[in-house]
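So this block is work.pdb, PDB, C-alpha atoms, pLDDT in the B column:
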```pdb
ATOM      1  CA  MET W1216      83.750  90.909  96.152  1.00 56.00           C
ATOM      2  CA  SER W1217      87.117  89.533  94.997  1.00 72.00           C
ATOM      3  CA  ILE W1218      90.422  91.168  95.866  1.00 75.00           C
ATOM      4  CA  TRP W1219      90.900  92.070  92.206  1.00 76.00           C
ATOM      5  CA  THR W1220      87.540  93.838  92.000  1.00 80.00           C
ATOM      6  CA  ARG W1221      88.532  95.842  95.061  1.00 82.00           C
ATOM      7  CA  ILE W1222      91.917  96.610  93.483  1.00 82.00           C
ATOM      8  CA  SER W1223      90.119  97.797  90.353  1.00 83.00           C
ATOM      9  CA  ASP W1224      87.990 100.102  92.490  1.00 84.00           C
ATOM     10  CA  ALA W1225      91.095 101.470  94.260  1.00 84.00           C
ATOM     11  CA  LEU W1226      92.834 102.185  90.951  1.00 82.00           C
ATOM     12  CA  SER W1227      89.704 103.816  89.534  1.00 83.00           C
ATOM     13  CA  ALA W1228      89.685 106.189  92.516  1.00 81.00           C
ATOM     14  CA  LEU W1229      93.052 107.615  91.494  1.00 81.00           C
ATOM     15  CA  ALA W1230      92.729 111.103  90.101  1.00 77.00           C
ATOM     16  CA  SER W1231      94.050 111.836  86.630  1.00 77.00           C
ATOM     17  CA  GLY W1232      97.821 111.850  86.742  1.00 75.00           C
ATOM     18  CA  GLU W1233      97.925 110.669  90.366  1.00 81.00           C
ATOM     19  CA  PRO W1234     100.662 108.076  91.044  1.00 80.00           C
ATOM     20  CA  LEU W1235      99.928 104.523  92.104  1.00 81.00           C
ATOM     21  CA  SER W1236     101.681 105.164  95.420  1.00 78.00           C
ATOM     22  CA  ALA W1237      98.776 107.424  96.423  1.00 81.00           C
ATOM     23  CA  VAL W1238      96.685 104.355  97.223  1.00 80.00           C
ATOM     24  CA  PHE W1239      98.937 103.612 100.201  1.00 78.00           C
ATOM     25  CA  ASP W1240      97.817 106.852 101.863  1.00 75.00           C
ATOM     26  CA  ARG W1241      94.188 105.741 101.707  1.00 76.00           C
ATOM     27  CA  LEU W1242      94.113 101.997 102.396  1.00 73.00           C
ATOM     28  CA  ARG W1243      95.315 101.905 105.987  1.00 66.00           C
ATOM     29  CA  THR W1244      92.691  99.827 107.804  1.00 64.00           C
ATOM     30  CA  PRO W1245      91.167  96.340 107.365  1.00 63.00           C
ATOM     31  CA  PRO W1246      89.749  95.105 105.064  1.00 62.00           C
ATOM     32  CA  GLU W1247      91.253  97.679 102.716  1.00 71.00           C
ATOM     33  CA  ARG W1248      94.764  96.811 103.915  1.00 71.00           C
ATOM     34  CA  SER W1249      94.565  93.438 102.150  1.00 75.00           C
ATOM     35  CA  VAL W1250      94.062  95.387  98.913  1.00 80.00           C
ATOM     36  CA  ALA W1251      97.007  97.621  99.740  1.00 80.00           C
ATOM     37  CA  PHE W1252      99.150  94.590 100.625  1.00 78.00           C
ATOM     38  CA  THR W1253      98.523  92.990  97.224  1.00 80.00           C
ATOM     39  CA  ILE W1254      99.193  96.248  95.405  1.00 82.00           C
ATOM     40  CA  ALA W1255     102.357  96.747  97.479  1.00 82.00           C
ATOM     41  CA  VAL W1256     103.884  93.385  96.570  1.00 81.00           C
ATOM     42  CA  ILE W1257     103.123  93.818  92.872  1.00 81.00           C
ATOM     43  CA  ALA W1258     104.281  97.449  92.843  1.00 84.00           C
ATOM     44  CA  LEU W1259     107.547  96.826  94.691  1.00 87.00           C
ATOM     45  CA  GLY W1260     108.038  93.691  92.613  1.00 83.00           C
ATOM     46  CA  ALA W1261     107.734  95.828  89.503  1.00 81.00           C
ATOM     47  CA  LYS W1262     110.342  98.218  90.869  1.00 84.00           C
ATOM     48  CA  MET W1263     112.599  95.286  91.782  1.00 84.00           C
ATOM     49  CA  ALA W1264     112.234  93.826  88.300  1.00 76.00           C
ATOM     50  CA  LYS W1265     114.107  96.892  87.080  1.00 70.00           C
ATOM     51  CA  ALA W1266     116.959  96.153  89.475  1.00 66.00           C
ATOM     52  CA  ASP W1267     118.411  93.312  87.391  1.00 58.00           C
ATOM     53  CA  GLY W1268     117.529  95.028  84.144  1.00 56.00           C
ATOM     54  CA  LEU W1269     114.771  92.819  82.793  1.00 54.00           C
ATOM     55  CA  VAL W1270     111.408  91.253  83.525  1.00 54.00           C
ATOM     56  CA  THR W1271     111.381  87.526  82.839  1.00 54.00           C
ATOM     57  CA  ARG W1272     108.491  85.184  82.209  1.00 58.00           C
ATOM     58  CA  ASP W1273     109.440  83.444  85.474  1.00 60.00           C
ATOM     59  CA  GLU W1274     108.979  86.664  87.447  1.00 59.00           C
ATOM     60  CA  VAL W1275     105.558  87.189  85.914  1.00 59.00           C
ATOM     61  CA  THR W1276     104.685  83.587  86.773  1.00 66.00           C
ATOM     62  CA  ALA W1277     105.853  84.218  90.338  1.00 65.00           C
ATOM     63  CA  PHE W1278     103.246  86.964  90.741  1.00 65.00           C
ATOM     64  CA  ARG W1279     100.621  84.424  89.727  1.00 65.00           C
ATOM     65  CA  GLU W1280     101.957  81.906  92.256  1.00 63.00           C
ATOM     66  CA  VAL W1281     101.958  84.377  95.133  1.00 64.00           C
ATOM     67  CA  PHE W1282      98.456  85.634  94.448  1.00 63.00           C
ATOM     68  CA  GLN W1283      96.886  82.696  92.566  1.00 63.00           C
ATOM     69  CA  ILE W1284      95.777  85.048  89.809  1.00 70.00           C
ATOM     70  CA  ALA W1285      92.976  83.675  87.676  1.00 70.00           C
ATOM     71  CA  ALA W1286      93.032  84.281  83.936  1.00 73.00           C
ATOM     72  CA  GLU W1287      90.207  86.808  84.186  1.00 76.00           C
ATOM     73  CA  ASP W1288      92.179  88.832  86.773  1.00 75.00           C
ATOM     74  CA  GLU W1289      95.487  89.020  84.913  1.00 75.00           C
ATOM     75  CA  ALA W1290      94.598  92.353  83.331  1.00 77.00           C
ATOM     76  CA  GLN W1291      94.210  94.024  86.741  1.00 77.00           C
ATOM     77  CA  ALA W1292      97.496  92.578  88.004  1.00 76.00           C
ATOM     78  CA  ALA W1293      99.246  93.730  84.838  1.00 77.00           C
ATOM     79  CA  ARG W1294      97.732  97.182  85.269  1.00 80.00           C
ATOM     80  CA  VAL W1295      99.199  97.521  88.778  1.00 80.00           C
ATOM     81  CA  PHE W1296     102.562  96.249  87.541  1.00 77.00           C
ATOM     82  CA  ASN W1297     102.676  98.694  84.649  1.00 78.00           C
ATOM     83  CA  LEU W1298     101.511 101.673  86.723  1.00 79.00           C
ATOM     84  CA  ALA W1299     104.341 101.012  89.171  1.00 79.00           C
ATOM     85  CA  ARG W1300     106.930 100.700  86.416  1.00 76.00           C
ATOM     86  CA  GLN W1301     105.756 103.936  84.810  1.00 75.00           C
ATOM     87  CA  ASP W1302     105.652 105.904  88.060  1.00 75.00           C
ATOM     88  CA  VAL W1303     108.562 108.326  88.316  1.00 69.00           C
ATOM     89  CA  ALA W1304     108.694 107.784  92.086  1.00 74.00           C
ATOM     90  CA  GLY W1305     111.522 105.516  93.207  1.00 81.00           C
ATOM     91  CA  PHE W1306     111.111 102.293  95.149  1.00 86.00           C
ATOM     92  CA  GLU W1307     112.241 104.001  98.350  1.00 90.00           C
ATOM     93  CA  ASP W1308     109.226 106.334  98.177  1.00 86.00           C
ATOM     94  CA  TYR W1309     106.974 103.310  97.796  1.00 84.00           C
ATOM     95  CA  ALA W1310     108.642 101.530 100.698  1.00 89.00           C
ATOM     96  CA  ARG W1311     108.242 104.537 103.007  1.00 89.00           C
ATOM     97  CA  LYS W1312     104.533 104.866 102.206  1.00 84.00           C
ATOM     98  CA  ILE W1313     104.006 101.150 102.809  1.00 83.00           C
ATOM     99  CA  LYS W1314     105.923 101.372 106.085  1.00 87.00           C
ATOM    100  CA  ALA W1315     103.630 104.199 107.186  1.00 83.00           C
ATOM    101  CA  MET W1316     100.580 102.120 106.280  1.00 78.00           C
ATOM    102  CA  PHE W1317     101.694  99.255 108.555  1.00 75.00           C
ATOM    103  CA  GLU W1318     103.565 101.413 111.071  1.00 69.00           C
ATOM    104  CA  ARG W1319     102.150  99.721 114.171  1.00 63.00           C
ATOM    105  CA  THR W1320     102.823  96.123 113.228  1.00 65.00           C
ATOM    106  CA  GLU W1321     105.817  94.325 111.778  1.00 63.00           C
ATOM    107  CA  GLY W1322     104.063  91.149 110.577  1.00 74.00           C
ATOM    108  CA  PRO W1323     102.642  92.400 107.247  1.00 77.00           C
ATOM    109  CA  LEU W1324     106.014  93.898 106.320  1.00 83.00           C
ATOM    110  CA  CYS W1325     107.716  90.527 106.825  1.00 83.00           C
ATOM    111  CA  ASP W1326     104.957  88.926 104.740  1.00 80.00           C
ATOM    112  CA  LEU W1327     105.532  91.490 102.014  1.00 83.00           C
ATOM    113  CA  MET W1328     109.297  90.898 102.052  1.00 88.00           C
ATOM    114  CA  GLU W1329     108.644  87.195 101.687  1.00 84.00           C
ATOM    115  CA  GLY W1330     106.597  87.807  98.563  1.00 82.00           C
ATOM    116  CA  LEU W1331     109.430  89.902  97.133  1.00 87.00           C
ATOM    117  CA  PHE W1332     111.994  87.177  97.833  1.00 88.00           C
ATOM    118  CA  HIS W1333     109.729  84.676  96.093  1.00 81.00           C
ATOM    119  CA  ILE W1334     109.594  86.916  93.027  1.00 79.00           C
ATOM    120  CA  ALA W1335     113.325  87.676  93.088  1.00 82.00           C
ATOM    121  CA  LEU W1336     114.216  83.968  93.072  1.00 81.00           C
ATOM    122  CA  ALA W1337     111.602  83.021  90.463  1.00 75.00           C
ATOM    123  CA  ASP W1338     114.167  82.868  87.648  1.00 73.00           C
ATOM    124  CA  GLY W1339     116.520  80.687  89.699  1.00 76.00           C
ATOM    125  CA  THR W1340     119.106  83.399  90.304  1.00 80.00           C
ATOM    126  CA  TYR W1341     119.619  86.014  92.981  1.00 83.00           C
ATOM    127  CA  HIS W1342     121.138  89.074  91.379  1.00 84.00           C
ATOM    128  CA  PRO W1343     123.348  91.330  93.549  1.00 86.00           C
ATOM    129  CA  ALA W1344     121.156  94.279  92.552  1.00 87.00           C
ATOM    130  CA  GLU W1345     118.101  92.399  93.847  1.00 87.00           C
ATOM    131  CA  ASP W1346     119.893  91.708  97.126  1.00 89.00           C
ATOM    132  CA  ALA W1347     120.742  95.400  97.495  1.00 91.00           C
ATOM    133  CA  PHE W1348     117.155  96.323  96.647  1.00 92.00           C
ATOM    134  CA  LEU W1349     115.660  93.949  99.204  1.00 94.00           C
ATOM    135  CA  GLU W1350     118.139  94.910 101.910  1.00 93.00           C
ATOM    136  CA  ARG W1351     117.316  98.587 101.402  1.00 94.00           C
ATOM    137  CA  VAL W1352     113.556  97.914 101.505  1.00 94.00           C
ATOM    138  CA  ALA W1353     113.983  95.900 104.709  1.00 94.00           C
ATOM    139  CA  ASP W1354     115.991  98.785 106.188  1.00 94.00           C
ATOM    140  CA  ILE W1355     113.241 101.283 105.339  1.00 93.00           C
ATOM    141  CA  PHE W1356     110.651  98.911 106.793  1.00 91.00           C
ATOM    142  CA  GLY W1357     112.685  98.810 109.999  1.00 91.00           C
ATOM    143  CA  LEU W1358     112.961  95.027 109.986  1.00 88.00           C
ATOM    144  CA  PRO W1359     115.617  93.683 112.359  1.00 85.00           C
ATOM    145  CA  GLU W1360     118.709  92.383 110.620  1.00 84.00           C
ATOM    146  CA  HIS W1361     118.163  88.857 111.919  1.00 79.00           C
ATOM    147  CA  ASP W1362     114.697  88.796 110.300  1.00 82.00           C
ATOM    148  CA  PHE W1363     116.200  89.765 106.954  1.00 87.00           C
ATOM    149  CA  ARG W1364     118.922  87.112 107.338  1.00 83.00           C
ATOM    150  CA  SER W1365     116.251  84.557 108.177  1.00 80.00           C
ATOM    151  CA  LEU W1366     114.308  85.354 105.011  1.00 83.00           C
ATOM    152  CA  ARG W1367     117.438  85.239 102.874  1.00 86.00           C
ATOM    153  CA  ALA W1368     118.497  81.929 104.442  1.00 80.00           C
ATOM    154  CA  ARG W1369     115.170  80.384 103.474  1.00 79.00           C
ATOM    155  CA  PHE W1370     115.054  81.647  99.893  1.00 82.00           C
ATOM    156  CA  VAL W1371     118.544  82.181  98.485  1.00 81.00           C
ATOM    157  CA  PRO W1372     119.850  78.903  97.011  1.00 66.00           C
ATOM    158  CA  ASP W1373     123.574  79.587  97.443  1.00 63.00           C
ATOM    159  CA  ALA W1374     123.826  77.344 100.493  1.00 58.00           C
ATOM    160  CA  THR W1375     121.832  74.914 102.608  1.00 66.00           C
ATOM    161  CA  PRO W1376     119.492  77.015 104.769  1.00 71.00           C
ATOM    162  CA  ASP W1377     120.808  77.455 108.306  1.00 82.00           C
ATOM    163  CA  PRO W1378     117.976  76.200 110.537  1.00 87.00           C
ATOM    164  CA  TYR W1379     119.032  78.567 113.312  1.00 88.00           C
ATOM    165  CA  ALA W1380     118.824  81.555 110.965  1.00 83.00           C
ATOM    166  CA  VAL W1381     115.397  80.406 109.764  1.00 83.00           C
ATOM    167  CA  LEU W1382     114.091  80.491 113.337  1.00 87.00           C
ATOM    168  CA  GLY W1383     115.980  83.684 114.180  1.00 84.00           C
ATOM    169  CA  VAL W1384     117.999  82.024 116.946  1.00 88.00           C
ATOM    170  CA  THR W1385     121.628  81.057 117.575  1.00 88.00           C
ATOM    171  CA  PRO W1386     123.178  77.655 118.407  1.00 90.00           C
ATOM    172  CA  ASP W1387     124.336  78.841 121.832  1.00 91.00           C
ATOM    173  CA  MET W1388     120.802  79.616 123.014  1.00 91.00           C
ATOM    174  CA  PRO W1389     119.127  77.255 125.521  1.00 91.00           C
ATOM    175  CA  MET W1390     116.961  74.630 123.864  1.00 92.00           C
ATOM    176  CA  ALA W1391     113.934  75.944 125.746  1.00 93.00           C
ATOM    177  CA  ASP W1392     114.417  79.372 124.138  1.00 93.00           C
ATOM    178  CA  ILE W1393     114.830  77.860 120.681  1.00 93.00           C
ATOM    179  CA  ARG W1394     111.673  75.826 121.183  1.00 93.00           C
ATOM    180  CA  GLY W1395     109.886  78.987 122.337  1.00 94.00           C
ATOM    181  CA  ALA W1396     110.984  80.839 119.188  1.00 91.00           C
ATOM    182  CA  TRP W1397     109.691  77.974 117.031  1.00 92.00           C
ATOM    183  CA  LYS W1398     106.317  77.894 118.820  1.00 92.00           C
ATOM    184  CA  ARG W1399     106.005  81.682 118.518  1.00 89.00           C
ATOM    185  CA  LEU W1400     106.628  81.527 114.767  1.00 87.00           C
ATOM    186  CA  VAL W1401     104.064  78.751 114.374  1.00 86.00           C
ATOM    187  CA  ARG W1402     101.521  80.784 116.342  1.00 85.00           C
ATOM    188  CA  GLU W1403     102.230  83.981 114.392  1.00 81.00           C
ATOM    189  CA  ASN W1404     101.830  82.194 111.075  1.00 76.00           C
ATOM    190  CA  HIS W1405      98.503  80.536 111.785  1.00 76.00           C
ATOM    191  CA  PRO W1406      95.965  81.399 109.029  1.00 70.00           C
ATOM    192  CA  ASP W1407      93.860  83.423 111.486  1.00 72.00           C
ATOM    193  CA  ALA W1408      96.890  85.510 112.448  1.00 73.00           C
ATOM    194  CA  LEU W1409      97.727  86.136 108.803  1.00 70.00           C
ATOM    195  CA  THR W1410      94.185  87.288 108.067  1.00 69.00           C
ATOM    196  CA  ALA W1411      94.320  89.643 111.042  1.00 70.00           C
ATOM    197  CA  ARG W1412      97.536  91.143 109.648  1.00 67.00           C
ATOM    198  CA  GLY W1413      95.796  91.939 106.379  1.00 63.00           C
ATOM    199  CA  LEU W1414      97.328  89.153 104.296  1.00 64.00           C
ATOM    200  CA  PRO W1415      94.894  88.403 101.454  1.00 63.00           C
ATOM    201  CA  GLN W1416      93.648  84.858 100.969  1.00 64.00           C
ATOM    202  CA  GLU W1417      95.250  84.909  97.537  1.00 55.00           C
ATOM    203  CA  ALA W1418      98.670  84.861  99.217  1.00 59.00           C
ATOM    204  CA  VAL W1419      98.212  81.792 101.420  1.00 60.00           C
ATOM    205  CA  ARG W1420     100.831  79.833  99.483  1.00 63.00           C
ATOM    206  CA  MET W1421     103.506  82.060 100.967  1.00 66.00           C
ATOM    207  CA  ALA W1422     102.329  81.124 104.451  1.00 70.00           C
ATOM    208  CA  GLU W1423     102.264  77.420 103.600  1.00 73.00           C
ATOM    209  CA  ARG W1424     105.862  77.508 102.411  1.00 74.00           C
ATOM    210  CA  ARG W1425     106.895  79.498 105.471  1.00 79.00           C
ATOM    211  CA  MET W1426     105.364  76.962 107.853  1.00 83.00           C
ATOM    212  CA  ASN W1427     107.139  74.134 106.064  1.00 84.00           C
ATOM    213  CA  ASP W1428     110.464  75.954 106.408  1.00 84.00           C
ATOM    214  CA  ILE W1429     109.859  76.752 110.089  1.00 88.00           C
ATOM    215  CA  ASN W1430     108.922  73.180 111.003  1.00 91.00           C
ATOM    216  CA  ARG W1431     111.776  71.707 108.942  1.00 89.00           C
ATOM    217  CA  ALA W1432     114.245  73.962 110.762  1.00 89.00           C
ATOM    218  CA  TRP W1433     112.884  72.935 114.165  1.00 93.00           C
ATOM    219  CA  ASP W1434     113.050  69.246 113.242  1.00 92.00           C
ATOM    220  CA  GLU W1435     116.663  69.597 112.123  1.00 90.00           C
ATOM    221  CA  ILE W1436     117.697  71.445 115.290  1.00 92.00           C
ATOM    222  CA  SER W1437     115.833  69.178 117.706  1.00 89.00           C
ATOM    223  CA  LYS W1438     117.162  66.000 116.078  1.00 84.00           C
ATOM    224  CA  GLY W1439     120.674  67.418 116.077  1.00 78.00           C
ATOM    225  CA  LYS W1440     120.473  68.319 119.767  1.00 70.00           C
ATOM    226  CA  ALA W1441     119.102  64.856 120.600  1.00 60.00           C
ATOM    227  CA  ALA W1442     121.962  63.196 118.753  1.00 54.00           C
TER     228      ALA W1442
END
```

If you convert what's in this file into structure tokens, what do you get?
Amino acid sequence: MSIWTRISDALSALASGEPLSAVFDRLRTPPERSVAFTIAVIALGAKMAKADGLVTRDEVTAFREVFQIAAEDEAQAARVFNLARQDVAGFEDYARKIKAMFERTEGPLCDLMEGLFHIALADGTYHPAEDAFLERVADIFGLPEHDFRSLRARFVPDATPDPYAVLGVTPDMPMADIRGAWKRLVRENHPDALTARGLPQEAVRMAERRMNDINRAWDEISKGKAA
């Protein structure tokens, strides 16, 4: 059964007039969490799309890139997007429910933030309202500030990404500790680890980009130290 069929089933289970955010109270354990994860990224992305005042074609395309949405599944993705936009609940309510769903593990929340950054930067600009939105969501999720800075360093094109920020380390740390941080990130982002966190297979492109960024940062630091 595809993720989109399972999403359709989850939406069909909503009672008449029940908000989309209600699904986050029900889909707390694997494999249902992969459904909730996909809904969460689309729903928060829909709320974020309001932050800069418009929804662009690039942002819609970004949803398709994150989840590799086939033509036959576009209607279900659009349905989630529209339900979230129409819901009177604010994005903070959504973020709190999602936080509660993944309350015992930080990994899926970082994955979700990564999807949101991908969508925010889809049109080539990073609007101040989007930055405020993402920072507030990260705060509700309880993500450490250095994790948020690391994500922003990798995605926001206003400067060359700081390799130390990408790895969540500082230049004054011993090389052994920096290497340990790199190896930990590689281990945590192995496909098996992502599946265990509830990341749907449709979102593997996010993980591929993340691994490229992590390894590029390590290469830059290690070559710089050697020089």

For this session: Please write the residues picked by the PyMOL selection byres ((chain W and resi 1431) around 12) on this file as number ranges by chain.
Result: W: 1369, 1376-1379, 1381-1382, 1397, 1401, 1424-1430, 1432-1438

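For the atom pair formed by atom CA of His1333 of chain W and atom CA of Val1371 of chain W, the distance is 9.5 Å, given to one decimal.
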
Exercise. In Å to one decimal, how far is atom CA of Ala1310 of chain W from atom CA of Ala1251 of chain W?
Worked result: 12.3 Å

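For the set W:Val1256, W:Leu1298, W:Met1316, W:Ala1293, the residue with the smallest atom-to-atom gap to Leu1242 of chain W is W:Met1316, counting all atoms listed in the file.
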
For this session: Run through the PyMOL selection byres ((chain W and resi 1261) around 9) on the given coordinates and return the selected residues as a count of residues only.
Result: 16

For this session: For atom CA of Ala1304 of chain W and atom CA of Phe1317 of chain W, quote the distance in Å rounded to one decimal.
Result: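 Atom CA of Phe1317 of chain W lies at a distance of 19.8 Å from atom CA of Ala1304 of chain W.
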
Problem set entry | Top pick for closest residue to His1405 of chain W, considering W:Ile1313, W:Ala1422, W:Ala1292, W:Cys1325 and counting only C-alpha atoms |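 When distances to His1405 of chain W are compared using only C-alpha atoms, the smallest one comes from W:Ala1422.
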
Residues within 10 Å of Asp1288 of chain W, please, as a PDB file with C-alpha atoms, keeping the file's coordinate frame. Count all atoms listed in the file; anything in the same chain fewer than 6 positions from it doesn't count.
```pdb
ATOM      1  CA  SER W1217      87.117  89.533  94.997  1.00 72.00           C
ATOM      2  CA  ILE W1218      90.422  91.168  95.866  1.00 75.00           C
ATOM      3  CA  TRP W1219      90.900  92.070  92.206  1.00 76.00           C
ATOM      4  CA  THR W1220      87.540  93.838  92.000  1.00 80.00           C
ATOM      5  CA  SER W1223      90.119  97.797  90.353  1.00 83.00           C
ATOM      6  CA  ARG W1279     100.621  84.424  89.727  1.00 65.00           C
TER       7      ARG W1279
END
```

Exercise. For this file, the PyMOL selection byres ((chain W and resi 1365) around 7) selects which residues, as a ChimeraX atom specification?
Worked result: /W:1361-1364,1366-1369,1380-1383

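With distances restricted to only C-alpha atoms, W:Asp1224 is the closest residue to Glu1247 of chain W from W:Asp1326, W:Gly1339, W:Asp1224, W:Gly1439.
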
For this session: Between W:Phe1332, W:Tyr1341, W:Tyr1309, W:Phe1370, single out the one closest to Phe1356 of chain W, counting all atoms listed in the file.
Result: W:Tyr1309

I'd like the box whose edges run along x, y and z of the file and which contains every listed atom of segment 1353-1358 of chain W, padded by 5 Å per side; could you state its centre and edge lengths in Å, one decimal, as JSON?
```
{"center_x": 113.3, "center_y": 98.2, "center_z": 107.4, "size_x": 15.3, "size_y": 16.3, "size_z": 15.3}
```

Would you kindly place all heavy atoms on segment 1391-1399 of chain W and return the model as a compact mmCIF listing (two decimals), keeping the file's coordinate frame?
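That gives us selection30.txt:
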```txt
# COMPACT_ATOMS: atom_id res chain seq x y z
N ALA W 1391 115.28 75.46 125.39
CA ALA W 1391 113.93 75.94 125.75
C ALA W 1391 113.62 77.25 125.01
O ALA W 1391 112.48 77.46 124.57
CB ALA W 1391 113.83 76.15 127.25
N ASP W 1392 114.62 78.10 124.85
CA ASP W 1392 114.42 79.37 124.14
C ASP W 1392 114.23 79.14 122.64
O ASP W 1392 113.42 79.82 121.99
CB ASP W 1392 115.60 80.31 124.37
CG ASP W 1392 115.67 80.81 125.81
OD1 ASP W 1392 114.67 80.65 126.54
OD2 ASP W 1392 116.73 81.34 126.21
N ILE W 1393 114.97 78.18 122.10
CA ILE W 1393 114.83 77.86 120.68
C ILE W 1393 113.44 77.29 120.42
O ILE W 1393 112.77 77.65 119.45
CB ILE W 1393 115.92 76.87 120.24
CG1 ILE W 1393 117.30 77.51 120.36
CG2 ILE W 1393 115.66 76.40 118.80
CD1 ILE W 1393 118.46 76.57 120.06
N ARG W 1394 113.01 76.40 121.32
CA ARG W 1394 111.67 75.83 121.18
C ARG W 1394 110.61 76.92 121.27
O ARG W 1394 109.62 76.93 120.54
CB ARG W 1394 111.42 74.77 122.26
CG ARG W 1394 110.04 74.12 122.19
CD ARG W 1394 109.83 73.12 123.32
NE ARG W 1394 108.51 72.54 123.26
CZ ARG W 1394 108.19 71.49 122.53
NH1 ARG W 1394 109.10 70.89 121.79
NH2 ARG W 1394 106.95 71.02 122.54
N GLY W 1395 110.83 77.89 122.19
CA GLY W 1395 109.89 78.99 122.34
C GLY W 1395 109.81 79.84 121.08
O GLY W 1395 108.72 80.28 120.68
N ALA W 1396 110.96 80.07 120.44
CA ALA W 1396 110.98 80.84 119.19
C ALA W 1396 110.22 80.11 118.09
O ALA W 1396 109.47 80.73 117.33
CB ALA W 1396 112.43 81.08 118.75
N TRP W 1397 110.42 78.79 118.03
CA TRP W 1397 109.69 77.97 117.03
C TRP W 1397 108.18 78.04 117.26
O TRP W 1397 107.41 78.27 116.33
CB TRP W 1397 110.19 76.53 117.10
CG TRP W 1397 109.28 75.54 116.40
CD1 TRP W 1397 109.02 75.50 115.06
CD2 TRP W 1397 108.52 74.50 117.00
NE1 TRP W 1397 108.13 74.47 114.78
CE2 TRP W 1397 107.82 73.85 115.97
CE3 TRP W 1397 108.37 74.05 118.31
CZ2 TRP W 1397 106.98 72.77 116.20
CZ3 TRP W 1397 107.54 72.96 118.55
CH2 TRP W 1397 106.85 72.34 117.51
N LYS W 1398 107.75 77.87 118.52
CA LYS W 1398 106.32 77.89 118.82
C LYS W 1398 105.73 79.27 118.54
O LYS W 1398 104.59 79.39 118.07
CB LYS W 1398 106.10 77.50 120.28
CG LYS W 1398 106.46 76.04 120.56
CD LYS W 1398 106.21 75.67 122.00
CE LYS W 1398 104.73 75.53 122.29
NZ LYS W 1398 104.48 74.99 123.64
N ARG W 1399 106.49 80.33 118.80
CA ARG W 1399 106.00 81.68 118.52
C ARG W 1399 105.80 81.88 117.01
O ARG W 1399 104.79 82.45 116.58
CB ARG W 1399 107.01 82.72 119.05
CG ARG W 1399 106.66 84.16 118.68
CD ARG W 1399 107.69 85.14 119.24
NE ARG W 1399 109.03 84.83 118.82
CZ ARG W 1399 109.53 85.13 117.62
NH1 ARG W 1399 108.77 85.74 116.71
NH2 ARG W 1399 110.79 84.82 117.33
```
